[in-house]
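J.: Got a structure for you, input-v3.cif, holding mmCIF, C-alpha atoms.
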data_upload
loop_
_atom_site.label_atom_id
_atom_site.label_comp_id
_atom_site.auth_asym_id
_atom_site.auth_seq_id
_atom_site.Cartn_x
_atom_site.Cartn_y
_atom_site.Cartn_z
CA MET A 1390 -44.99 -21.77 -47.77
CA GLN A 1391 -42.32 -24.35 -48.67
CA TYR A 1392 -38.68 -23.47 -48.23
CA GLY A 1393 -35.90 -25.42 -49.89
CA LYS A 1394 -33.41 -27.00 -47.51
CA ILE A 1395 -30.13 -25.10 -47.48
CA ASP A 1396 -27.05 -27.30 -47.78
CA TRP A 1397 -24.89 -25.64 -45.15
CA ASN A 1398 -22.04 -28.01 -45.85
CA ASP A 1399 -21.87 -26.62 -49.40
CA ILE A 1400 -21.62 -23.13 -47.89
CA TRP A 1401 -18.78 -24.32 -45.63
CA LYS A 1402 -16.98 -25.94 -48.58
CA GLU A 1403 -17.37 -22.83 -50.74
CA LEU A 1404 -15.89 -20.57 -48.05
CA MET A 1405 -13.07 -23.02 -47.39
CA THR A 1406 -12.32 -23.29 -51.12
CA THR A 1407 -12.13 -19.50 -51.31
CA GLN A 1408 -9.75 -19.53 -48.34
CA GLN A 1409 -7.50 -22.07 -50.07
CA ARG A 1410 -7.38 -19.93 -53.20
CA LEU A 1411 -6.33 -16.95 -51.09
CA ASP A 1412 -3.63 -18.94 -49.28
CA LYS A 1413 -0.40 -17.63 -50.79
CA THR A 1414 1.68 -20.41 -49.22
CA GLY A 1415 -0.12 -23.15 -51.14
CA ASP A 1416 -0.32 -25.14 -47.89
CA LYS A 1417 -2.29 -24.02 -44.86
CA ASN A 1418 0.15 -25.93 -42.61
CA SER A 1419 3.29 -24.35 -44.05
CA HIS A 1420 3.45 -21.63 -41.36
CA TRP A 1421 3.28 -24.27 -38.63
CA ASN A 1422 5.70 -26.63 -40.36
CA LYS A 1423 8.42 -24.24 -39.19
CA LYS A 1424 9.54 -25.18 -35.71
CA GLU A 1425 10.21 -21.60 -34.61
CA ASN A 1426 6.57 -20.69 -35.27
CA ALA A 1427 5.38 -23.74 -33.34
CA GLU A 1428 7.67 -22.80 -30.44
CA ARG A 1429 6.23 -19.28 -30.43
CA PHE A 1430 2.71 -20.73 -30.34
CA TRP A 1431 3.64 -23.00 -27.40
CA LYS A 1432 5.23 -20.13 -25.49
CA ARG A 1433 2.19 -17.94 -26.01
CA SER A 1434 -0.13 -20.73 -24.84
CA GLN A 1435 1.89 -21.07 -21.63
CA GLU A 1436 1.68 -17.31 -21.03
CA ASN A 1437 -2.12 -17.50 -21.44
CA SER A 1438 -2.65 -20.66 -19.40
CA GLU A 1439 -6.07 -19.54 -18.13
CA ARG A 1440 -7.51 -20.49 -21.53
CA THR A 1441 -6.17 -24.03 -21.17
CA ASP A 1442 -7.32 -24.30 -17.55
CA SER A 1443 -10.83 -23.20 -18.54
CA THR A 1444 -11.00 -25.85 -21.26
CA LEU A 1445 -9.74 -28.63 -18.99
CA ASN A 1446 -12.32 -27.74 -16.34
CA GLU A 1447 -15.23 -28.12 -18.77
CA LEU A 1448 -14.18 -31.39 -20.40
CA PRO A 1449 -15.80 -34.58 -19.02
CA LEU A 1450 -12.50 -36.29 -18.14
CA THR A 1451 -11.86 -39.13 -15.71
CA PRO A 1452 -8.63 -40.96 -14.81
CA GLY A 1453 -9.71 -43.78 -17.13
CA SER A 1454 -10.63 -41.58 -20.10
CA ARG A 1455 -9.27 -42.16 -23.59
CA VAL A 1456 -9.08 -38.84 -25.47
CA LEU A 1457 -8.61 -37.89 -29.12
CA ASP A 1458 -7.17 -34.41 -29.73
CA ILE A 1459 -7.58 -33.39 -33.39
CA GLY A 1460 -5.16 -30.66 -34.46
CA SER A 1461 -3.24 -30.92 -31.21
CA GLY A 1462 -0.52 -28.44 -32.16
CA PRO A 1463 2.45 -28.56 -29.75
CA GLY A 1464 0.30 -30.09 -27.00
CA ARG A 1465 -1.53 -27.14 -25.47
CA LEU A 1466 -4.34 -29.48 -24.44
CA ALA A 1467 -2.82 -32.92 -25.05
CA ILE A 1468 0.03 -32.45 -22.54
CA PRO A 1469 -2.07 -31.41 -19.49
CA ILE A 1470 -4.90 -33.81 -20.41
CA ALA A 1471 -2.44 -36.73 -20.59
CA LYS A 1472 -1.47 -36.08 -16.96
CA ASN A 1473 -5.04 -36.74 -15.87
CA VAL A 1474 -6.33 -39.54 -18.13
CA ALA A 1475 -5.34 -43.02 -19.30
CA HIS A 1476 -4.52 -42.22 -22.93
CA VAL A 1477 -4.40 -39.40 -25.48
CA THR A 1478 -4.09 -39.71 -29.26
CA ALA A 1479 -2.81 -36.46 -30.79
CA VAL A 1480 -3.49 -35.90 -34.49
CA GLU A 1481 -1.33 -33.11 -35.95
CA PRO A 1482 -0.31 -32.63 -39.61
CA ALA A 1483 2.21 -29.76 -39.24
CA ALA A 1484 5.79 -30.99 -38.83
CA GLY A 1485 6.91 -28.09 -36.65
CA MET A 1486 3.99 -28.54 -34.26
CA MET A 1487 4.60 -32.29 -34.02
CA ASP A 1488 8.32 -31.78 -33.32
CA VAL A 1489 7.55 -29.43 -30.43
CA LEU A 1490 4.85 -31.77 -29.10
CA LYS A 1491 7.29 -34.68 -28.98
CA GLU A 1492 9.93 -32.49 -27.30
CA ASN A 1493 7.37 -31.40 -24.70
CA MET A 1494 6.37 -35.02 -24.06
CA LYS A 1495 10.01 -36.00 -23.53
CA GLU A 1496 10.76 -32.98 -21.34
CA GLN A 1497 7.75 -33.65 -19.11
CA GLY A 1498 8.13 -37.43 -19.04
CA ILE A 1499 4.79 -38.16 -20.68
CA GLY A 1500 4.43 -41.58 -22.26
CA ASN A 1501 0.68 -41.98 -22.75
CA ILE A 1502 0.31 -39.81 -25.88
CA HIS A 1503 0.21 -41.54 -29.26
CA CYS A 1504 1.08 -39.15 -32.11
CA VAL A 1505 -0.49 -39.36 -35.57
CA SER A 1506 1.09 -37.10 -38.20
CA LYS A 1507 -1.82 -36.74 -40.61
CA ARG A 1508 -4.48 -34.28 -41.70
CA TRP A 1509 -7.87 -35.26 -40.31
CA GLU A 1510 -9.35 -35.35 -43.82
CA ASP A 1511 -6.67 -37.87 -44.90
CA LEU A 1512 -6.98 -40.08 -41.85
CA ASP A 1513 -8.79 -43.42 -41.74
CA VAL A 1514 -10.41 -43.91 -38.33
CA GLU A 1515 -10.16 -47.71 -38.39
CA ALA A 1516 -6.65 -47.93 -39.83
CA ASP A 1517 -4.94 -44.96 -38.16
CA LEU A 1518 -6.60 -44.72 -34.74
CA ASP A 1519 -7.32 -46.99 -31.80
CA ALA A 1520 -10.97 -45.93 -31.54
CA PRO A 1521 -13.33 -45.44 -29.85
CA TYR A 1522 -12.43 -42.55 -27.55
CA ASP A 1523 -14.47 -41.30 -24.61
CA VAL A 1524 -13.86 -37.67 -25.59
CA VAL A 1525 -13.05 -36.29 -29.04
CA ILE A 1526 -11.75 -32.70 -29.14
CA ALA A 1527 -11.03 -30.34 -32.03
CA SER A 1528 -9.92 -27.02 -30.57
CA PHE A 1529 -9.74 -24.26 -33.19
CA SER A 1530 -8.58 -26.85 -35.73
CA LEU A 1531 -11.62 -27.07 -37.99
CA GLY A 1532 -10.03 -25.78 -41.18
CA MET A 1533 -11.30 -28.86 -42.98
CA PRO A 1534 -12.69 -28.62 -46.52
CA ASP A 1535 -15.73 -30.83 -45.84
CA ILE A 1536 -16.94 -30.29 -42.28
CA LYS A 1537 -19.81 -32.78 -42.56
CA GLU A 1538 -17.42 -35.56 -43.51
CA ALA A 1539 -15.04 -34.44 -40.75
CA VAL A 1540 -17.79 -34.57 -38.11
CA GLN A 1541 -18.95 -37.98 -39.33
CA LYS A 1542 -15.42 -39.27 -38.71
CA MET A 1543 -15.43 -37.66 -35.25
CA GLN A 1544 -18.70 -39.43 -34.52
CA GLN A 1545 -17.16 -42.68 -35.70
CA ALA A 1546 -14.15 -42.17 -33.42
CA SER A 1547 -16.18 -41.21 -30.34
CA SER A 1548 -18.00 -43.50 -27.94
CA LYS A 1549 -19.55 -40.65 -25.97
CA TYR A 1550 -18.56 -36.96 -26.22
CA VAL A 1551 -17.49 -34.54 -28.97
CA TYR A 1552 -16.18 -31.06 -28.11
CA LEU A 1553 -15.53 -28.54 -30.90
CA TYR A 1554 -14.15 -25.02 -30.47
CA TRP A 1555 -14.49 -22.45 -33.24
CA PHE A 1556 -15.00 -18.75 -33.93
CA ALA A 1557 -17.97 -16.39 -33.97
CA GLY A 1558 -17.63 -13.20 -35.99
CA THR A 1559 -14.56 -11.81 -37.73
CA THR A 1560 -11.30 -12.52 -35.89
CA PRO A 1561 -8.52 -9.93 -35.39
CA TRP A 1562 -6.22 -11.77 -37.81
CA GLU A 1563 -8.97 -11.75 -40.41
CA GLU A 1564 -9.39 -8.01 -39.84
CA HIS A 1565 -5.67 -7.63 -40.54
CA SER A 1566 -6.03 -9.61 -43.75
CA ILE A 1567 -9.12 -7.65 -44.85
CA THR A 1568 -7.05 -4.47 -44.52
CA LEU A 1569 -3.81 -5.79 -46.02
CA TRP A 1570 -5.02 -8.00 -48.87
CA PRO A 1571 -5.99 -5.26 -51.36
CA ALA A 1572 -2.69 -3.44 -50.85
CA LEU A 1573 -0.55 -6.60 -50.93
CA TYR A 1574 -2.29 -8.59 -53.66
CA GLY A 1575 -4.84 -6.31 -55.35
CA THR A 1576 -7.83 -8.40 -54.31
CA ASN A 1577 -10.26 -8.65 -51.40
CA TYR A 1578 -9.92 -11.08 -48.52
CA VAL A 1579 -12.86 -13.34 -47.65
CA PRO A 1580 -13.07 -14.66 -44.03
CA GLY A 1581 -13.66 -18.36 -43.48
CA PRO A 1582 -16.84 -20.04 -42.21
CA LYS A 1583 -17.84 -19.49 -38.60
CA CYS A 1584 -19.93 -21.18 -35.95
CA ASP A 1585 -23.25 -20.25 -37.58
CA VAL A 1586 -22.45 -22.43 -40.60
CA LEU A 1587 -21.08 -25.19 -38.38
CA TYR A 1588 -24.18 -25.23 -36.17
CA ASN A 1589 -26.47 -25.54 -39.17
CA VAL A 1590 -24.39 -28.37 -40.64
CA LEU A 1591 -24.74 -30.21 -37.34
CA TYR A 1592 -28.46 -29.45 -37.17
CA ASN A 1593 -29.00 -30.90 -40.64
CA MET A 1594 -27.11 -34.01 -39.47
CA GLY A 1595 -29.54 -34.45 -36.59
CA ILE A 1596 -27.01 -33.25 -33.99
CA TYR A 1597 -28.38 -30.60 -31.60
CA PRO A 1598 -25.38 -29.44 -29.58
CA ASP A 1599 -24.90 -27.31 -26.51
CA MET A 1600 -23.29 -23.97 -27.34
CA HIS A 1601 -21.33 -21.62 -25.11
CA VAL A 1602 -20.05 -18.29 -26.42
CA PHE A 1603 -17.06 -16.62 -24.77
CA SER A 1604 -14.46 -13.96 -25.48
CA MET A 1605 -10.74 -14.53 -25.44
CA GLY A 1606 -7.88 -12.06 -25.68
CA TYR A 1607 -4.32 -12.69 -26.74
CA ASN A 1608 -0.96 -10.90 -26.82
CA ASN A 1609 1.69 -11.60 -29.45
CA TYR A 1610 5.08 -10.28 -28.31
CA PHE A 1611 8.04 -9.22 -30.48
CA SER A 1612 11.44 -7.94 -29.41
CA SER A 1613 11.62 -5.58 -32.40
CA LEU A 1614 9.73 -4.41 -35.46
CA ASP A 1615 12.10 -6.47 -37.63
CA GLU A 1616 11.13 -9.63 -35.73
CA ALA A 1617 7.45 -8.83 -36.24
CA VAL A 1618 8.00 -8.19 -39.95
CA ASP A 1619 9.84 -11.52 -40.28
CA PHE A 1620 7.03 -13.36 -38.50
CA TYR A 1621 4.23 -11.85 -40.59
CA SER A 1622 6.26 -11.98 -43.83
CA ASP A 1623 6.18 -15.73 -43.49
CA ARG A 1624 2.43 -15.74 -42.86
CA TYR A 1625 1.64 -13.38 -45.74
CA VAL A 1626 4.32 -14.71 -48.12
CA ILE A 1627 5.96 -11.33 -48.65
CA GLU A 1628 8.03 -11.48 -51.84
CA THR A 1629 8.77 -7.87 -52.86
CA GLU A 1630 10.22 -4.79 -51.19
CA GLU A 1631 6.95 -2.97 -51.83
CA GLN A 1632 4.96 -5.66 -50.01
CA GLU A 1633 7.42 -5.60 -47.11
CA SER A 1634 7.08 -1.83 -46.87
CA ILE A 1635 3.27 -2.09 -46.80
CA LEU A 1636 3.45 -4.73 -44.06
CA ARG A 1637 6.03 -2.78 -42.02
CA ASP A 1638 3.93 0.39 -42.11
CA TYR A 1639 0.84 -1.56 -41.06
CA LEU A 1640 2.64 -3.21 -38.14
CA LYS A 1641 3.95 0.18 -37.00
CA ASP A 1642 0.32 1.27 -36.69
CA ILE A 1643 -1.09 -1.76 -34.86
CA LEU A 1644 1.74 -2.82 -32.53
CA VAL A 1645 2.01 -1.14 -29.13
CA GLN A 1646 4.99 -0.68 -26.84
CA GLU A 1647 4.87 -2.61 -23.58
CA ASN A 1648 7.77 -3.28 -21.20
CA GLY A 1649 10.36 -2.79 -23.93
CA GLN A 1650 8.57 -5.06 -26.39
CA LEU A 1651 6.16 -4.61 -29.25
CA VAL A 1652 2.81 -6.29 -28.73
CA GLU A 1653 -0.06 -7.22 -31.01
CA LYS A 1654 -3.16 -7.21 -28.80
CA GLY A 1655 -6.34 -8.86 -29.95
CA ALA A 1656 -9.58 -10.40 -28.76
CA SER A 1657 -11.99 -12.71 -30.51
CA THR A 1658 -15.40 -14.20 -29.83
CA ARG A 1659 -15.31 -17.95 -29.67
CA VAL A 1660 -17.76 -20.78 -29.14
CA ARG A 1661 -17.72 -24.22 -27.59
CA ILE A 1662 -20.01 -26.63 -29.44
CA SER A 1663 -20.43 -29.97 -27.68
CA TRP A 1664 -22.73 -32.96 -27.59
CA GLU A 1665 -23.06 -36.42 -26.16
CA LYS A 1666 -23.26 -39.11 -28.80
CA LYS A 1667 -26.58 -40.95 -28.77
#
Just give me the structure of the file as structure tokens.

T.:
Amino acid sequence: MQYGKIDWNDIWKELMTTQQRLDKTGDKNSHWNKKENAERFWKRSQENSERTDSTLNELPLTPGSRVLDIGSGPGRLAIPIAKNVAHVTAVEPAAGMMDVLKENMKEQGIGNIHCVSKRWEDLDVEADLDAPYDVVIASFSLGMPDIKEAVQKMQQASSKYVYLYWFAGTTPWEEHSITLWPALYGTNYVPGPKCDVLYNVLYNMGIYPDMHVFSMGYNNYFSSLDEAVDFYSDRYVIETEEQESILRDYLKDILVQENGQLVEKGASTRVRISWEKK
């Protein structure tokens, strides 16, 4: 029996297009363009440093390594990696994230990180980067509309290793959106593509990666319900009193009290997808 070849990249693009239509901000980076949100992300990453330590321990780094960090954020990986290698190029499109990264570099006296303020899909490897790099990393930053094209550029930029980190299954924040979307906007929420689609895109490209599945928890702390409402109002683009009331009631249900603070607790299944370039 003959089976037609599925174009998994088309499936990725369709899911990403749906995500973009659902994005009420009109710009997936808008939340992270705000410095206060980037600072919160950085603080949370420092409170959950075991995640960073685990990643650093599995990367094939040497003192002479040149590393490309795609979607570096405020430097969760770029900062500690830079302390142990020759050079890091950090690609980050969100203004708030880049501001915090540069502040962290200055505060910690790090001078071997080159910052590129562009989306990966808009970047030209030859014109914008000093390729090749020994290790190319994209850690939970694969919200790219055409993942095949994105991976081809990663291959172009890498001389040896590519390490991707992404999600398996529905994430807690997607569960929140699945619950809230009908009440807030009168439509259903569709989660984005996961590691199954990504693996099959790679397979069709002739890339047969190693895969490691792991679970990771997180805690998001707020000093008050009002602070939590402000934070999520920005993420969900709350525009009416009715929407704010819906969000406030939902947060009352999911946030728990802990040491005088309100905490959103979550855990997601994640996957490391890596290969050595042939």

J.: Decode the PyMOL selection byres ((chain A and resi 1626) around 12) for the given file into explicit residues and return them as JSON, numbers by chain.

T.: {"A": [1411, 1412, 1413, 1414, 1415, 1416, 1417, 1419, 1420, 1570, 1573, 1574, 1618, 1619, 1620, 1621, 1622, 1623, 1624, 1625, 1627, 1628, 1629, 1630, 1632, 1633, 1636]}

J.: Could you please take those selected residues and save C-alpha atoms as a PDB file, in the coordinates of the input?

T.:
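Output contents, as saved in result_30.pdb:
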ATOM      1  CA  LEU A1411      -6.330 -16.950 -51.090  1.00  0.00           C
ATOM      2  CA  ASP A1412      -3.630 -18.940 -49.280  1.00  0.00           C
ATOM      3  CA  LYS A1413      -0.400 -17.630 -50.790  1.00  0.00           C
ATOM      4  CA  THR A1414       1.680 -20.410 -49.220  1.00  0.00           C
ATOM      5  CA  GLY A1415      -0.120 -23.150 -51.140  1.00  0.00           C
ATOM      6  CA  ASP A1416      -0.320 -25.140 -47.890  1.00  0.00           C
ATOM      7  CA  LYS A1417      -2.290 -24.020 -44.860  1.00  0.00           C
ATOM      8  CA  SER A1419       3.290 -24.350 -44.050  1.00  0.00           C
ATOM      9  CA  HIS A1420       3.450 -21.630 -41.360  1.00  0.00           C
ATOM     10  CA  TRP A1570      -5.020  -8.000 -48.870  1.00  0.00           C
ATOM     11  CA  LEU A1573      -0.550  -6.600 -50.930  1.00  0.00           C
ATOM     12  CA  TYR A1574      -2.290  -8.590 -53.660  1.00  0.00           C
ATOM     13  CA  VAL A1618       8.000  -8.190 -39.950  1.00  0.00           C
ATOM     14  CA  ASP A1619       9.840 -11.520 -40.280  1.00  0.00           C
ATOM     15  CA  PHE A1620       7.030 -13.360 -38.500  1.00  0.00           C
ATOM     16  CA  TYR A1621       4.230 -11.850 -40.590  1.00  0.00           C
ATOM     17  CA  SER A1622       6.260 -11.980 -43.830  1.00  0.00           C
ATOM     18  CA  ASP A1623       6.180 -15.730 -43.490  1.00  0.00           C
ATOM     19  CA  ARG A1624       2.430 -15.740 -42.860  1.00  0.00           C
ATOM     20  CA  TYR A1625       1.640 -13.380 -45.740  1.00  0.00           C
ATOM     21  CA  ILE A1627       5.960 -11.330 -48.650  1.00  0.00           C
ATOM     22  CA  GLU A1628       8.030 -11.480 -51.840  1.00  0.00           C
ATOM     23  CA  THR A1629       8.770  -7.870 -52.860  1.00  0.00           C
ATOM     24  CA  GLU A1630      10.220  -4.790 -51.190  1.00  0.00           C
ATOM     25  CA  GLN A1632       4.960  -5.660 -50.010  1.00  0.00           C
ATOM     26  CA  GLU A1633       7.420  -5.600 -47.110  1.00  0.00           C
ATOM     27  CA  LEU A1636       3.450  -4.730 -44.060  1.00  0.00           C
TER      28      LEU A1636
END

J.: Give the answer as one residue: which of A:Thr1478, A:Gln1408, A:Asn1398, A:Asn1589 has the shortest atom-to-atom distance to A:Ser1566, using only C-alpha atoms?

T.: A:Gln1408

J.: Atom CA of A:Ile1526 and atom CA of A:Thr1658, how far apart in Å?

T.: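 Separation between atom CA of A:Thr1658 and atom CA of A:Ile1526: 18.9 Å.
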
J.: Could you check the closest approach to A:Gln1544 for each of A:Lys1666, A:His1601, A:Lys1424, A:Arg1661 and tell me which residue wins, using only C-alpha atoms?

T.: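 Result for the nearest residue to A:Gln1544: A:Lys1666.
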
J.: Under the rule that only C-alpha atoms are counted, which of A:Glu1439, A:Asp1615, A:Asp1519, A:Glu1428 is the nearest residue to A:Leu1490?

T.: A:Glu1428

J.: Report the distance between atom CA of A:Lys1495 and atom CA of A:Val1524 in Å, rounded to one decimal place.

T.: 24.0 Å

J.: Just to confirm, what's the straight-line distance from atom CA of A:Pro1534 to atom CA of A:His1565 in Å (one decimal)?

T.: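 So the answer is 22.9 Å.
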
J.: Show which residues sit within 8 Å of A:Tyr1554, as number ranges by chain. Count only C-alpha atoms, and ignore same-chain residues fewer than 5 positions away.

T.: A: 1527-1530, 1659-1662

J.: Using only C-alpha atoms, please write the residues we just selected to a file, as a compact mmCIF listing (two decimals), in the coordinates of the input.

T.:
# COMPACT_ATOMS: atom_id res chain seq x y z
CA ALA A 1527 -11.03 -30.34 -32.03
CA SER A 1528 -9.92 -27.02 -30.57
CA PHE A 1529 -9.74 -24.26 -33.19
CA SER A 1530 -8.58 -26.85 -35.73
CA ARG A 1659 -15.31 -17.95 -29.67
CA VAL A 1660 -17.76 -20.78 -29.14
CA ARG A 1661 -17.72 -24.22 -27.59
CA ILE A 1662 -20.01 -26.63 -29.44

J.: Show me, as JSON, numbers by chain, the residues that have an atom within 12 Å of A:Ala1483 when counting all atoms listed in the file, minus same-chain residues fewer than 5 positions from it.

T.: {"A": [1416, 1417, 1418, 1419, 1420, 1421, 1422, 1423, 1424, 1426, 1427, 1459, 1460, 1461, 1462, 1463, 1488, 1489, 1490, 1504, 1505, 1506, 1507, 1508, 1509, 1530]}

J.: Hey, what's within 10 Å of A:Arg1429 if we count only C-alpha atoms and toss same-chain stuff fewer than 5 positions away? As JSON, numbers by chain, please?

T.: {"A": [1424, 1434, 1435, 1609, 1610]}

J.: Out of A:Met1486, A:Ala1617, A:Leu1553, A:Ala1471, which residue has the shortest atom-to-atom distance to A:Gly1453 when counting all atoms listed in the file?

T.: A:Ala1471

J.: Give me the residues near A:Asn1608 as number ranges by chain, where near means some atom within 12 Å (using only C-alpha atoms) and where sequence neighbours in that chain fewer than 3 positions away do not count.

T.: A: 1429-1430, 1432-1437, 1561, 1605, 1611, 1644-1647, 1650-1657

J.: Please produce an output containing C-alpha atoms for each residue in the selection, written as a JSON list (two decimals), in the frame of the given file.

T.:
[["chain", "number", "residue", "atom", "x", "y", "z"],
["A", 1429, "ARG", "CA", 6.23, -19.28, -30.43],
["A", 1430, "PHE", "CA", 2.71, -20.73, -30.34],
["A", 1432, "LYS", "CA", 5.23, -20.13, -25.49],
["A", 1433, "ARG", "CA", 2.19, -17.94, -26.01],
["A", 1434, "SER", "CA", -0.13, -20.73, -24.84],
["A", 1435, "GLN", "CA", 1.89, -21.07, -21.63],
["A", 1436, "GLU", "CA", 1.68, -17.31, -21.03],
["A", 1437, "ASN", "CA", -2.12, -17.50, -21.44],
["A", 1561, "PRO", "CA", -8.52, -9.93, -35.39],
["A", 1605, "MET", "CA", -10.74, -14.53, -25.44],
["A", 1611, "PHE", "CA", 8.04, -9.22, -30.48],
["A", 1644, "LEU", "CA", 1.74, -2.82, -32.53],
["A", 1645, "VAL", "CA", 2.01, -1.14, -29.13],
["A", 1646, "GLN", "CA", 4.99, -0.68, -26.84],
["A", 1647, "GLU", "CA", 4.87, -2.61, -23.58],
["A", 1650, "GLN", "CA", 8.57, -5.06, -26.39],
["A", 1651, "LEU", "CA", 6.16, -4.61, -29.25],
["A", 1652, "VAL", "CA", 2.81, -6.29, -28.73],
["A", 1653, "GLU", "CA", -0.06, -7.22, -31.01],
["A", 1654, "LYS", "CA", -3.16, -7.21, -28.80],
["A", 1655, "GLY", "CA", -6.34, -8.86, -29.95],
["A", 1656, "ALA", "CA", -9.58, -10.40, -28.76],
["A", 1657, "SER", "CA", -11.99, -12.71, -30.51]]

J.: Name the residues captured by the PyMOL selection byres ((chain A and resi 1476) around 8) when it is applied to the shown file; answer as a ChimeraX atom specification.

T.: /A:1453-1456,1471,1474-1475,1477-1478,1501-1503

J.: Enclose all atoms of stretch 1509-1525 of chain A listed in the file in an axis-aligned box, grow every side by 5 Å, and hand back centre and edge lengths in Å to one decimal, as AutoDock Vina command-line options.

T.:
--center_x -9.7 --center_y -41.6 --center_z -34.8 --size_x 19.5 --size_y 22.7 --size_z 30.3

J.: Got a sec: who's within 12 Å of A:Glu1403, counting only C-alpha atoms, leaving out chain neighbours fewer than 4 positions off, as a count of residues only?

T.: 17

J.: Identify which of the residues A:Ala1557, A:Gln1545, A:Tyr1552, A:Leu1569 lies closest to A:Asp1585, counting all atoms listed in the file when measuring atom-to-atom distances.

T.: A:Ala1557

J.: Of the candidates A:Tyr1588, A:Trp1401, A:Tyr1597, A:Trp1664, which one gets nearest to A:Tyr1550 if we count only C-alpha atoms?

T.: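 The shortest atom-to-atom distance to A:Tyr1550 comes from A:Trp1664.
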